[in-house]
>>> print(open('final-v8.cif').read())   # mmCIF, C-alpha atoms
data_query
loop_
_atom_site.label_atom_id
_atom_site.label_comp_id
_atom_site.auth_asym_id
_atom_site.auth_seq_id
_atom_site.Cartn_x
_atom_site.Cartn_y
_atom_site.Cartn_z
CA MET A 1 -56.87 -12.39 35.71
CA ASN A 2 -58.35 -15.47 34.09
CA PHE A 3 -57.83 -18.50 36.33
CA ASP A 4 -58.82 -20.72 33.42
CA LEU A 5 -55.20 -20.30 32.33
CA ILE A 6 -54.23 -22.92 34.92
CA ASN A 7 -56.50 -25.49 33.31
CA PRO A 8 -54.28 -28.60 33.01
CA GLU A 9 -54.81 -28.90 29.25
CA ILE A 10 -53.96 -25.24 28.69
CA GLN A 11 -50.89 -25.50 30.89
CA GLU A 12 -49.74 -28.57 28.97
CA PHE A 13 -50.21 -26.68 25.69
CA ILE A 14 -48.21 -23.71 27.02
CA ASN A 15 -45.36 -25.97 28.15
CA LEU A 16 -45.26 -27.82 24.82
CA ASN A 17 -44.86 -24.52 22.96
CA ILE A 18 -42.11 -22.89 25.02
CA GLY A 19 -39.68 -21.26 22.62
CA GLU A 20 -41.97 -21.47 19.60
CA ASN A 21 -42.46 -18.57 17.19
CA ILE A 22 -45.37 -16.55 18.60
CA SER A 23 -46.18 -14.93 15.24
CA LYS A 24 -46.67 -18.35 13.65
CA LEU A 25 -48.70 -19.64 16.59
CA ALA A 26 -50.94 -16.57 16.36
CA LEU A 27 -52.10 -17.75 12.93
CA GLN A 28 -53.47 -20.96 14.39
CA LYS A 29 -57.00 -21.42 15.64
CA ASN A 30 -57.42 -21.17 19.42
CA PRO A 31 -57.97 -24.74 20.71
CA PHE A 32 -59.26 -23.41 24.06
CA PRO A 33 -62.25 -21.04 23.57
CA ILE A 34 -62.62 -20.52 27.35
CA VAL A 35 -59.53 -18.29 27.24
CA GLU A 36 -58.61 -15.58 24.73
CA TRP A 37 -55.95 -16.78 22.29
CA VAL A 38 -53.84 -13.65 22.92
CA SER A 39 -53.72 -14.50 26.65
CA ILE A 40 -52.40 -18.01 25.96
CA LEU A 41 -49.82 -16.64 23.51
CA ASN A 42 -48.73 -14.13 26.14
CA GLN A 43 -48.23 -16.95 28.64
CA ILE A 44 -46.05 -18.84 26.16
CA SER A 45 -44.00 -15.73 25.37
CA ALA A 46 -43.56 -14.68 29.01
CA LYS A 47 -42.77 -18.19 30.24
CA THR A 48 -40.17 -18.59 27.48
CA LYS A 49 -38.53 -15.42 28.76
CA ALA A 50 -38.70 -16.73 32.34
CA LYS A 51 -36.92 -20.00 31.54
CA ASP A 52 -33.44 -18.55 32.07
CA LYS A 53 -34.29 -15.38 33.98
CA LEU A 54 -36.72 -16.87 36.52
CA PRO A 55 -36.02 -20.61 36.77
CA THR A 56 -37.92 -20.99 40.06
CA TRP A 57 -41.11 -19.61 38.49
CA PHE A 58 -40.52 -21.61 35.31
CA ALA A 59 -40.19 -24.85 37.29
CA THR A 60 -43.28 -24.21 39.45
CA GLN A 61 -46.66 -25.49 38.33
CA ASN A 62 -49.64 -23.19 37.66
CA ILE A 63 -47.70 -19.93 37.59
CA ILE A 64 -49.54 -17.15 35.79
CA TYR A 65 -47.43 -14.54 34.01
CA PRO A 66 -48.29 -10.91 33.36
CA SER A 67 -47.21 -9.28 30.10
CA LYS A 68 -43.89 -10.21 28.54
CA ILE A 69 -42.73 -6.63 29.20
CA SER A 70 -43.36 -7.07 32.94
CA VAL A 71 -41.20 -10.20 32.91
CA GLU A 72 -38.48 -8.38 30.95
CA GLN A 73 -38.47 -5.46 33.40
CA THR A 74 -38.46 -7.50 36.60
CA SER A 75 -35.34 -8.46 38.52
CA SER A 76 -33.64 -11.68 37.53
CA GLU A 77 -33.34 -14.36 40.20
CA LYS A 78 -29.57 -13.81 40.30
CA THR A 79 -29.88 -10.13 41.18
CA ALA A 80 -32.82 -10.78 43.54
CA ILE A 81 -30.76 -13.31 45.48
CA TYR A 82 -28.02 -10.72 45.85
CA LYS A 83 -30.49 -8.09 47.10
CA ALA A 84 -31.81 -10.55 49.68
CA SER A 85 -28.28 -10.92 51.06
CA ILE A 86 -28.40 -7.25 52.12
CA VAL A 87 -31.58 -7.35 54.23
CA SER A 88 -32.59 -9.13 57.44
CA GLY A 89 -35.00 -8.74 60.33
CA GLU A 90 -38.68 -9.18 61.18
CA ASN A 91 -40.41 -7.18 58.45
CA LEU A 92 -39.94 -5.47 55.08
CA ILE A 93 -42.35 -3.47 52.94
CA ASP A 94 -41.91 -3.25 49.17
CA LEU A 95 -43.51 -0.04 47.91
CA THR A 96 -43.27 -1.01 44.23
CA GLY A 97 -43.98 -4.74 44.24
CA GLY A 98 -44.38 -5.49 40.53
CA PHE A 99 -44.10 -9.20 39.65
CA GLY A 100 -42.77 -9.95 43.14
CA VAL A 101 -39.44 -11.61 42.31
CA ASP A 102 -37.48 -9.54 44.82
CA ASP A 103 -40.10 -10.09 47.51
CA TYR A 104 -40.00 -13.85 47.11
CA PHE A 105 -36.28 -13.89 47.86
CA PHE A 106 -36.66 -11.27 50.61
CA SER A 107 -39.19 -13.66 52.19
CA LEU A 108 -36.45 -16.27 52.59
CA LYS A 109 -34.46 -13.82 54.76
CA VAL A 110 -37.13 -11.69 56.47
CA LYS A 111 -40.03 -13.02 58.58
CA ASN A 112 -42.86 -10.91 57.12
CA ILE A 113 -43.08 -9.15 53.75
CA ILE A 114 -45.64 -6.64 52.46
CA HIS A 115 -46.00 -6.45 48.66
CA CYS A 116 -47.62 -3.21 47.46
CA GLU A 117 -48.83 -3.01 43.86
CA ILE A 118 -51.36 -0.41 42.69
CA ASN A 119 -52.25 -2.46 39.58
CA ILE A 120 -55.03 -4.71 40.90
CA GLU A 121 -54.73 -7.35 38.18
CA LEU A 122 -50.97 -7.65 38.65
CA SER A 123 -51.41 -7.79 42.43
CA ASN A 124 -53.86 -10.68 42.04
CA ILE A 125 -51.48 -12.54 39.73
CA VAL A 126 -48.63 -12.12 42.20
CA LYS A 127 -50.82 -13.21 45.12
CA HIS A 128 -51.77 -16.37 43.22
CA ASN A 129 -48.15 -17.08 42.31
CA PHE A 130 -46.90 -16.67 45.88
CA LYS A 131 -49.33 -19.43 46.89
CA GLN A 132 -47.90 -21.71 44.18
CA LEU A 133 -44.40 -20.89 45.45
CA SER A 134 -45.42 -21.57 49.08
CA ALA A 135 -44.35 -18.04 50.03
CA ASN A 136 -46.83 -17.83 52.87
CA ASN A 137 -45.15 -14.94 54.71
CA ILE A 138 -45.94 -12.36 52.01
CA THR A 139 -49.09 -10.22 52.17
CA CYS A 140 -50.26 -8.39 49.04
CA TYR A 141 -51.88 -4.93 49.10
CA ALA A 142 -53.52 -3.75 45.86
CA GLU A 143 -53.41 -0.03 46.59
CA ASP A 144 -51.16 3.03 46.53
CA SER A 145 -48.10 2.18 48.64
CA PHE A 146 -48.03 5.66 50.20
CA GLU A 147 -51.48 4.94 51.64
CA THR A 148 -50.40 1.50 52.84
CA LEU A 149 -47.29 2.89 54.50
CA SER A 150 -49.32 5.67 56.12
CA ASN A 151 -52.12 3.42 57.39
CA LEU A 152 -50.00 0.57 58.78
CA LYS A 153 -48.73 1.60 62.19
CA THR A 154 -45.56 -0.42 61.85
CA LYS A 155 -41.88 0.32 62.33
CA TRP A 156 -40.23 -1.47 59.42
CA ASP A 157 -36.84 -3.10 59.47
CA TRP A 158 -36.57 -2.30 55.77
CA ILE A 159 -38.37 -0.30 53.09
CA TYR A 160 -37.61 -1.43 49.54
CA ILE A 161 -38.31 0.78 46.52
CA ASP A 162 -37.84 0.26 42.79
CA PRO A 163 -39.00 3.62 41.40
CA SER A 164 -40.13 3.72 37.77
CA ARG A 165 -39.46 6.49 35.30
CA ARG A 166 -42.58 8.46 34.45
CA ASN A 167 -41.51 9.07 30.85
CA ASP A 168 -38.54 8.95 28.52
CA THR A 169 -38.63 12.55 27.35
CA LYS A 170 -35.22 13.25 28.90
CA GLY A 171 -33.53 10.53 26.88
CA LYS A 172 -30.73 8.74 28.64
CA VAL A 173 -30.45 11.22 31.49
CA PHE A 174 -32.90 10.96 34.34
CA MET A 175 -33.17 11.95 37.96
CA LEU A 176 -34.80 10.12 40.87
CA LYS A 177 -37.17 13.07 41.29
CA ASP A 178 -38.55 12.21 37.83
CA CYS A 179 -39.58 8.74 38.99
CA LEU A 180 -42.58 7.27 40.80
CA PRO A 181 -42.51 7.31 43.72
CA ASN A 182 -40.49 10.50 44.09
CA VAL A 183 -37.97 9.14 46.59
CA PRO A 184 -36.04 12.38 47.30
CA GLU A 185 -39.29 14.19 48.06
CA ASN A 186 -40.59 11.41 50.36
CA LEU A 187 -37.32 10.45 52.03
CA ASP A 188 -38.02 12.19 55.35
CA PHE A 189 -41.42 10.46 55.52
CA TYR A 190 -39.84 7.07 54.80
CA PHE A 191 -37.30 7.53 57.59
CA LYS A 192 -40.15 8.05 60.04
CA LYS A 193 -41.21 4.49 59.22
CA THR A 194 -37.80 2.77 59.09
CA ASN A 195 -34.09 3.13 59.73
CA SER A 196 -33.06 1.21 56.61
CA ILE A 197 -34.02 1.80 52.97
CA LEU A 198 -32.92 -0.14 49.89
CA ILE A 199 -33.52 1.52 46.52
CA LYS A 200 -33.06 -0.17 43.16
CA THR A 201 -32.35 1.93 40.07
CA ALA A 202 -31.39 1.18 36.50
CA PRO A 203 -27.65 1.34 35.75
CA ILE A 204 -28.25 4.31 33.48
CA LEU A 205 -28.63 6.54 36.57
CA ASP A 206 -25.47 8.58 37.10
CA ILE A 207 -23.90 7.76 40.48
CA SER A 208 -22.92 11.35 41.26
CA ALA A 209 -26.47 12.50 40.43
CA GLY A 210 -27.93 9.89 42.78
CA ILE A 211 -25.58 10.95 45.56
CA THR A 212 -26.69 14.56 45.06
CA GLU A 213 -30.39 13.69 45.25
CA LEU A 214 -30.28 11.27 48.18
CA LYS A 215 -28.93 11.50 51.71
CA HIS A 216 -27.70 9.10 54.40
CA ILE A 217 -26.23 6.75 51.78
CA LYS A 218 -24.17 4.02 53.42
CA SER A 219 -23.40 1.86 50.37
CA ILE A 220 -23.98 1.79 46.63
CA HIS A 221 -24.00 -1.70 45.12
CA LEU A 222 -23.31 -2.02 41.39
CA VAL A 223 -24.59 -5.44 40.35
CA ALA A 224 -23.56 -7.01 37.04
CA VAL A 225 -24.50 -10.41 35.63
CA GLU A 226 -22.09 -11.97 33.13
CA ASN A 227 -20.28 -8.62 32.88
CA GLU A 228 -23.40 -6.56 32.13
CA VAL A 229 -24.46 -4.05 34.80
CA LYS A 230 -28.10 -4.77 35.61
CA GLU A 231 -28.91 -2.49 38.53
CA LEU A 232 -27.67 -0.07 41.15
CA LEU A 233 -28.72 -0.61 44.76
CA TRP A 234 -28.69 2.34 47.14
CA GLU A 235 -28.46 1.31 50.80
CA LEU A 236 -29.60 4.16 53.06
CA ARG A 237 -29.41 4.25 56.86
CA LYS A 238 -31.12 6.85 59.00
CA ASP A 239 -28.71 9.59 60.18
CA TYR A 240 -25.73 7.96 58.43
CA THR A 241 -23.18 10.66 57.52
CA GLU A 242 -19.91 8.75 57.14
CA THR A 243 -18.05 7.82 53.96
CA ILE A 244 -20.00 6.00 51.25
CA THR A 245 -18.80 2.52 50.30
CA ILE A 246 -18.98 1.46 46.66
CA LYS A 247 -19.54 -2.28 46.24
CA THR A 248 -19.02 -3.77 42.77
CA ILE A 249 -20.34 -7.27 42.11
CA ASN A 250 -20.10 -9.26 38.89
CA ILE A 251 -22.12 -12.49 39.07
CA ALA A 252 -20.45 -14.87 36.63
CA LYS A 253 -21.32 -18.49 35.87
CA GLU A 254 -18.62 -20.03 38.03
CA LYS A 255 -17.95 -17.35 40.64
CA LYS A 256 -18.78 -13.88 41.91
CA GLU A 257 -16.25 -11.05 41.47
CA VAL A 258 -16.39 -8.51 44.29
CA PHE A 259 -14.42 -5.29 44.73
CA ASP A 260 -15.24 -2.61 47.33
CA PHE A 261 -13.81 0.84 47.97
CA LYS A 262 -14.60 4.06 49.82
CA ILE A 263 -15.52 7.16 47.83
CA ASN A 264 -12.86 9.91 47.83
CA LYS A 265 -10.47 7.95 50.05
CA VAL A 266 -7.55 7.52 47.59
CA THR A 267 -4.41 8.87 49.25
CA LYS A 268 -1.84 7.62 46.71
CA THR A 269 -1.33 8.04 42.99
CA PRO A 270 -1.23 4.81 40.97
CA SER A 271 1.89 3.94 39.01
CA TYR A 272 1.97 4.18 35.22
CA SER A 273 3.98 2.15 32.74
CA LEU A 274 4.20 0.95 29.18
CA PRO A 275 2.55 -2.43 28.52
CA GLN A 276 4.19 -5.29 30.38
CA ARG A 277 3.46 -9.01 30.03
CA PHE A 278 -0.20 -9.01 31.16
CA ILE A 279 -3.14 -6.69 30.48
CA TYR A 280 -6.14 -6.40 32.81
CA GLU A 281 -9.59 -5.13 31.81
CA PRO A 282 -11.96 -4.36 34.73
CA ASN A 283 -15.44 -5.87 34.71
CA SER A 284 -18.38 -3.67 33.85
CA ALA A 285 -19.37 -3.02 37.48
CA ILE A 286 -15.95 -1.52 38.21
CA MET A 287 -16.09 0.48 34.98
CA LYS A 288 -19.46 1.92 36.04
CA SER A 289 -18.15 2.68 39.55
CA GLY A 290 -15.33 4.92 38.37
CA GLY A 291 -12.91 3.30 40.84
CA PHE A 292 -10.08 3.23 38.34
CA ASP A 293 -7.31 4.38 40.68
CA GLU A 294 -8.66 2.31 43.56
CA VAL A 295 -8.53 -0.98 41.64
CA ALA A 296 -4.98 -0.25 40.42
CA LEU A 297 -3.74 0.42 43.95
CA PHE A 298 -5.53 -2.53 45.53
CA TYR A 299 -4.20 -5.06 43.03
CA ASP A 300 -0.78 -3.38 42.72
CA LEU A 301 -1.06 -2.85 38.98
CA ASN A 302 0.27 -0.13 36.69
CA LYS A 303 -2.07 1.97 34.60
CA LEU A 304 -1.43 2.37 30.88
CA HIS A 305 -2.87 5.89 30.83
CA LYS A 306 -5.06 8.07 33.02
CA HIS A 307 -8.07 7.62 30.71
CA SER A 308 -7.46 4.19 29.15
CA HIS A 309 -8.70 2.15 32.15
CA LEU A 310 -6.43 -0.77 31.29
CA TYR A 311 -3.81 -2.14 33.67
CA THR A 312 -0.58 -4.07 33.28
CA SER A 313 1.99 -6.14 35.17
CA ASP A 314 4.89 -8.50 34.56
CA GLU A 315 3.51 -11.12 36.94
CA HIS A 316 0.10 -12.75 36.65
CA MET A 317 -2.26 -11.32 39.30
CA THR A 318 -5.80 -12.17 40.37
CA PHE A 319 -8.20 -9.51 39.13
CA PRO A 320 -11.98 -8.83 38.93
CA GLY A 321 -12.20 -8.77 35.16
CA ARG A 322 -10.60 -10.18 32.05
CA ILE A 323 -6.87 -10.99 31.92
CA PHE A 324 -4.79 -11.23 28.75
CA GLU A 325 -1.19 -12.08 27.91
CA ILE A 326 0.38 -9.73 25.37
CA GLU A 327 1.74 -11.43 22.26
CA LYS A 328 2.63 -8.28 20.33
CA SER A 329 2.66 -4.55 21.09
CA PHE A 330 3.21 -1.85 18.46
CA LEU A 331 2.44 1.76 17.55
CA TYR A 332 -0.69 2.24 15.49
CA HIS A 333 0.89 2.69 12.07
CA LYS A 334 -0.06 1.56 8.58
CA ASN A 335 2.90 -0.80 8.05
CA GLU A 336 2.39 -2.66 11.35
CA MET A 337 -1.35 -2.97 10.80
CA LYS A 338 -0.79 -4.42 7.34
CA LEU A 339 1.76 -6.87 8.69
CA TYR A 340 -0.05 -8.11 11.81
CA LEU A 341 -3.81 -7.56 11.46
CA GLU A 342 -4.99 -6.73 7.95
CA ASN A 343 -7.36 -9.44 6.63
CA LYS A 344 -7.04 -11.32 9.95
CA LYS A 345 -9.70 -12.48 12.43
CA ALA A 346 -9.70 -10.89 15.89
CA ASN A 347 -11.82 -9.58 18.78
CA ILE A 348 -11.37 -5.81 19.05
CA THR A 349 -11.74 -3.48 22.03
CA THR A 350 -11.03 0.25 22.01
CA ARG A 351 -10.11 2.19 25.15
CA ASN A 352 -9.25 5.90 24.92
CA PHE A 353 -8.75 5.61 21.16
CA PRO A 354 -9.93 8.01 18.40
CA GLU A 355 -11.37 5.36 16.05
CA SER A 356 -14.38 3.12 16.58
CA VAL A 357 -14.28 -0.67 16.42
CA GLU A 358 -16.47 -0.54 13.31
CA ASN A 359 -14.09 1.83 11.52
CA ILE A 360 -11.05 -0.23 12.46
CA ARG A 361 -12.64 -3.42 11.12
CA LYS A 362 -13.68 -1.76 7.88
CA LYS A 363 -10.36 0.04 7.35
CA TRP A 364 -8.18 -3.03 7.90
CA LYS A 365 -10.62 -5.75 6.79
CA ILE A 366 -10.51 -7.47 10.18
CA LYS A 367 -13.15 -10.16 10.67
CA GLU A 368 -14.85 -10.66 14.03
CA GLY A 369 -14.07 -13.62 16.31
CA GLY A 370 -11.20 -16.02 16.72
CA ASN A 371 -8.69 -16.45 19.55
CA LEU A 372 -6.85 -13.15 19.16
CA TYR A 373 -7.89 -10.17 21.29
CA CYS A 374 -6.74 -6.72 20.23
CA PHE A 375 -6.77 -3.58 22.32
CA PHE A 376 -6.52 -0.25 20.52
CA THR A 377 -5.63 2.26 23.20
CA THR A 378 -3.34 5.10 24.34
CA ASP A 379 -0.21 4.55 26.43
CA VAL A 380 1.42 6.61 29.15
CA ASN A 381 3.36 8.59 26.53
CA ASN A 382 0.12 9.46 24.69
CA ASN A 383 0.98 7.20 21.79
CA LYS A 384 -1.78 5.31 19.99
CA ILE A 385 -0.89 1.63 20.37
CA VAL A 386 -2.19 -1.82 19.50
CA LEU A 387 -1.91 -4.81 21.82
CA ILE A 388 -2.41 -8.26 20.33
CA CYS A 389 -3.24 -10.67 23.15
CA THR A 390 -4.47 -14.09 24.07
CA LYS A 391 -7.13 -14.39 26.74
CA ILE A 392 -6.17 -16.35 29.87
CA LYS A 393 -9.27 -15.52 31.98
#
>>> encode(input="final-v8.cif", output="structure tokens")
Amino acid sequence: MNFDLINPEIQEFINLNIGENISKLALQKNPFPIVEWVSILNQISAKTKAKDKLPTWFATQNIIYPSKISVEQTSSEKTAIYKASIVSGENLIDLTGGFGVDDYFFSLKVKNIIHCEINIELSNIVKHNFKQLSANNITCYAEDSFETLSNLKTKWDWIYIDPSRRNDTKGKVFMLKDCLPNVPENLDFYFKKTNSILIKTAPILDISAGITELKHIKSIHLVAVENEVKELLWELRKDYTETITIKTINIAKEKKEVFDFKINKVTKTPSYSLPQRFIYEPNSAIMKSGGFDEVALFYDLNKLHKHSHLYTSDEHMTFPGRIFEIEKSFLYHKNEMKLYLENKKANITTRNFPESVENIRKKWKIKEGGNLYCFFTTDVNNNKIVLICTKIK
């Protein structure tokens, strides 16, 4: 780590070039020979990325950033704040510290934090940044976290782990045992050191696969930001054997949508109906959770079809997702499409429908955008239907 990066003139230059084209800047001559030009360009690129994702770091003087990829892979402040709402107590150890965003927000809730990062350069950067952020209750260890956990004779209130995939050879399917650290393999050891474990995984991890690999799961938190699932959080408690709670959270600009349910606790069958006045589309966290019957029963809505995952009612209801009022409903036929949508402008969503959005647009010359929202889906009678709607939420 080159501390010359915090030279006032270099910092001023970085700040003046936030958002600039890095490729064009790279063609310029380095005005600061004491630091490699590529390092300054990296700071500009990473800090530009941090502006929206990490506003606390962006607003703090003399922060040093690692690679742009490290900033892209780290938690956002919004998700880190949510994680911090789960933990409490005297101490927490983070076995996979990284850029330290989660630990900073943990430090606002927990008295003492240990940040473990095997990459010495990254550990030094994070240690420097914590000083700039006045996070004085975080201690950094630049060594293998297994060694740190073994050597410190401490009973932890929490262990936090964000395991990383070792490779991408398995494509979009991966197991926790394929990550570092291997949490399933080390779980018994971890529970000798704590009664509470919080594990962060990418949303690509299949929930049923995670449940199979882990044990003593109390809750699974599915965290979305602006309707995009960002991470899964696995809350484990020593000796816990009761029903798992699924917690879905969508952090929107103006509010937070929350819907919780217990796994395998549905005792009733939801009602089904043809489209009524309003259509409800669950947010992405609920879609990822698979709680399709649970959300219908809780909000007293009818389902359009077992596999369409759209809901309907005659009265306007509150709902954790988007709400639309139906303007027109018709069977998916050539004459109706020509009359109502051909050569028009509309936002298109398909749910349980044989054609893709791209094919529908091309076939009927429908431009993207506008104030109309169209759902191409299947109804309770297995008919292919089109719903033309206006968005009310």
>>> atom_distance(input="final-v8.cif", atom1="CA of Arg165 (chain A)", atom2="CA of Val229 (chain A)")
18.3 Å
>>> residues_near_point(input="final-v8.cif", point="(-28.8, 9.3, 45.7)", cutoff="10 Å", atoms="only C-alpha atoms", output="PyMOL selection string")
chain A and resi 175-176+183-184+199+201+205-217+220+233-236
>>> write_last_selection(input="final-v8.cif", atoms="C-alpha atoms", output="mmCIF file, keeping the file's coordinate frame")
data_model
loop_
_atom_site.group_PDB
_atom_site.id
_atom_site.type_symbol
_atom_site.label_atom_id
_atom_site.label_comp_id
_atom_site.auth_asym_id
_atom_site.auth_seq_id
_atom_site.Cartn_x
_atom_site.Cartn_y
_atom_site.Cartn_z
ATOM 1 C CA MET A 175 -33.170 11.950 37.960
ATOM 2 C CA LEU A 176 -34.800 10.120 40.870
ATOM 3 C CA VAL A 183 -37.970 9.140 46.590
ATOM 4 C CA PRO A 184 -36.040 12.380 47.300
ATOM 5 C CA ILE A 199 -33.520 1.520 46.520
ATOM 6 C CA THR A 201 -32.350 1.930 40.070
ATOM 7 C CA LEU A 205 -28.630 6.540 36.570
ATOM 8 C CA ASP A 206 -25.470 8.580 37.100
ATOM 9 C CA ILE A 207 -23.900 7.760 40.480
ATOM 10 C CA SER A 208 -22.920 11.350 41.260
ATOM 11 C CA ALA A 209 -26.470 12.500 40.430
ATOM 12 C CA GLY A 210 -27.930 9.890 42.780
ATOM 13 C CA ILE A 211 -25.580 10.950 45.560
ATOM 14 C CA THR A 212 -26.690 14.560 45.060
ATOM 15 C CA GLU A 213 -30.390 13.690 45.250
ATOM 16 C CA LEU A 214 -30.280 11.270 48.180
ATOM 17 C CA LYS A 215 -28.930 11.500 51.710
ATOM 18 C CA HIS A 216 -27.700 9.100 54.400
ATOM 19 C CA ILE A 217 -26.230 6.750 51.780
ATOM 20 C CA ILE A 220 -23.980 1.790 46.630
ATOM 21 C CA LEU A 233 -28.720 -0.610 44.760
ATOM 22 C CA TRP A 234 -28.690 2.340 47.140
ATOM 23 C CA GLU A 235 -28.460 1.310 50.800
ATOM 24 C CA LEU A 236 -29.600 4.160 53.060
#
>>> resolve_selection(input="final-v8.cif", expression="the PyMOL selection byres ((chain A and resi 82) around 10)", output="list in words")
Glu77, Lys78, Thr79, Ala80, Ile81, Lys83, Ala84, Ser85, Ile86, Val87, Asp102, Phe105, Phe106, His221, Val223, Ile249 and Ile251 of chain A
>>> residues_around(input="final-v8.cif", residues="Asp300 (chain A)", least_positions_apart="2", cutoff="12 Å", atoms="all atoms listed in the file", output="PyMOL selection string")
chain A and resi 268-272+280+293-298+302-303+311-319
>>> resolve_selection(input="final-v8.cif", expression="the PyMOL selection byres ((chain A and resi 4) around 12)", output="tab-separated table (two decimals) with C-alpha atoms, keeping the file's coordinate frame")
chain	number	residue	atom	x	y	z
A	1	MET	CA	-56.87	-12.39	35.71
A	2	ASN	CA	-58.35	-15.47	34.09
A	3	PHE	CA	-57.83	-18.50	36.33
A	5	LEU	CA	-55.20	-20.30	32.33
A	6	ILE	CA	-54.23	-22.92	34.92
A	7	ASN	CA	-56.50	-25.49	33.31
A	8	PRO	CA	-54.28	-28.60	33.01
A	9	GLU	CA	-54.81	-28.90	29.25
A	10	ILE	CA	-53.96	-25.24	28.69
A	11	GLN	CA	-50.89	-25.50	30.89
A	32	PHE	CA	-59.26	-23.41	24.06
A	33	PRO	CA	-62.25	-21.04	23.57
A	34	ILE	CA	-62.62	-20.52	27.35
A	35	VAL	CA	-59.53	-18.29	27.24
A	36	GLU	CA	-58.61	-15.58	24.73
A	39	SER	CA	-53.72	-14.50	26.65
A	40	ILE	CA	-52.40	-18.01	25.96
A	62	ASN	CA	-49.64	-23.19	37.66
A	63	ILE	CA	-47.70	-19.93	37.59
A	64	ILE	CA	-49.54	-17.15	35.79
>>> residues_around(input="final-v8.cif", residues="region 386-391 of chain A", least_positions_apart="3", cutoff="6 Å", atoms="all atoms listed in the file", output="compact mmCIF listing (two decimals) with C-alpha atoms, in the coordinates of the input")
# COMPACT_ATOMS: atom_id res chain seq x y z
CA PHE A 324 -4.79 -11.23 28.75
CA GLU A 325 -1.19 -12.08 27.91
CA ILE A 326 0.38 -9.73 25.37
CA GLU A 327 1.74 -11.43 22.26
CA LYS A 328 2.63 -8.28 20.33
CA SER A 329 2.66 -4.55 21.09
CA PHE A 330 3.21 -1.85 18.46
CA TYR A 332 -0.69 2.24 15.49
CA LEU A 372 -6.85 -13.15 19.16
CA TYR A 373 -7.89 -10.17 21.29
CA CYS A 374 -6.74 -6.72 20.23
CA PHE A 375 -6.77 -3.58 22.32
CA PHE A 376 -6.52 -0.25 20.52
>>> resolve_selection(input="final-v8.cif", expression="the PyMOL selection byres ((chain A and resi 262) around 8)", output="ChimeraX atom specification")
/A:243-246,260-261,263-265
>>> residues_near_point(input="final-v8.cif", point="(-16.5, -1.6, 39.1)", cutoff="8 Å", atoms="all atoms listed in the file", output="PyMOL selection string")
chain A and resi 222+247-249+259+282-291
>>> atom_distance(input="final-v8.cif", atom1="CA of Trp156 (chain A)", atom2="CA of Ala202 (chain A)")
24.7 Å
>>> residues_around(input="final-v8.cif", residues="Asn381 (chain A)", least_positions_apart="4", cutoff="9 Å", atoms="only C-alpha atoms", output="MDAnalysis selection string")
chainID A and resid 273:274 304:305
>>> atom_distance(input="final-v8.cif", atom1="CA of Thr56 (chain A)", atom2="CA of Asn15 (chain A)")
14.9 Å
>>> residues_around(input="final-v8.cif", residues="Ala135 (chain A)", least_positions_apart="5", cutoff="10 Å", atoms="all atoms listed in the file", output="ChimeraX atom specification")
/A:103-105,107-108,113,127,129-130
>>> write_last_selection(input="final-v8.cif", atoms="C-alpha atoms", output="PDB file, keeping the file's coordinate frame")
ATOM      1  CA  ASP A 103     -40.100 -10.090  47.510  1.00  0.00           C
ATOM      2  CA  TYR A 104     -40.000 -13.850  47.110  1.00  0.00           C
ATOM      3  CA  PHE A 105     -36.280 -13.890  47.860  1.00  0.00           C
ATOM      4  CA  SER A 107     -39.190 -13.660  52.190  1.00  0.00           C
ATOM      5  CA  LEU A 108     -36.450 -16.270  52.590  1.00  0.00           C
ATOM      6  CA  ILE A 113     -43.080  -9.150  53.750  1.00  0.00           C
ATOM      7  CA  LYS A 127     -50.820 -13.210  45.120  1.00  0.00           C
ATOM      8  CA  ASN A 129     -48.150 -17.080  42.310  1.00  0.00           C
ATOM      9  CA  PHE A 130     -46.900 -16.670  45.880  1.00  0.00           C
TER      10      PHE A 130
END
>>> residues_around(input="final-v8.cif", residues="region 92-94 of chain A", least_positions_apart="4", cutoff="8 Å", atoms="only C-alpha atoms", output="list in words")
Asp103, Val110, Asn112, Ile113, Ile114, His115, Cys116, Trp156, Asp157, Trp158, Ile159, Tyr160 and Ile161 of chain A
>>> write_last_selection(input="final-v8.cif", atoms="C-alpha atoms", output="PDB file, in the coordinates of the input")
ATOM      1  CA  ASP A 103     -40.100 -10.090  47.510  1.00  0.00           C
ATOM      2  CA  VAL A 110     -37.130 -11.690  56.470  1.00  0.00           C
ATOM      3  CA  ASN A 112     -42.860 -10.910  57.120  1.00  0.00           C
ATOM      4  CA  ILE A 113     -43.080  -9.150  53.750  1.00  0.00           C
ATOM      5  CA  ILE A 114     -45.640  -6.640  52.460  1.00  0.00           C
ATOM      6  CA  HIS A 115     -46.000  -6.450  48.660  1.00  0.00           C
ATOM      7  CA  CYS A 116     -47.620  -3.210  47.460  1.00  0.00           C
ATOM      8  CA  TRP A 156     -40.230  -1.470  59.420  1.00  0.00           C
ATOM      9  CA  ASP A 157     -36.840  -3.100  59.470  1.00  0.00           C
ATOM     10  CA  TRP A 158     -36.570  -2.300  55.770  1.00  0.00           C
ATOM     11  CA  ILE A 159     -38.370  -0.300  53.090  1.00  0.00           C
ATOM     12  CA  TYR A 160     -37.610  -1.430  49.540  1.00  0.00           C
ATOM     13  CA  ILE A 161     -38.310   0.780  46.520  1.00  0.00           C
TER      14      ILE A 161
END
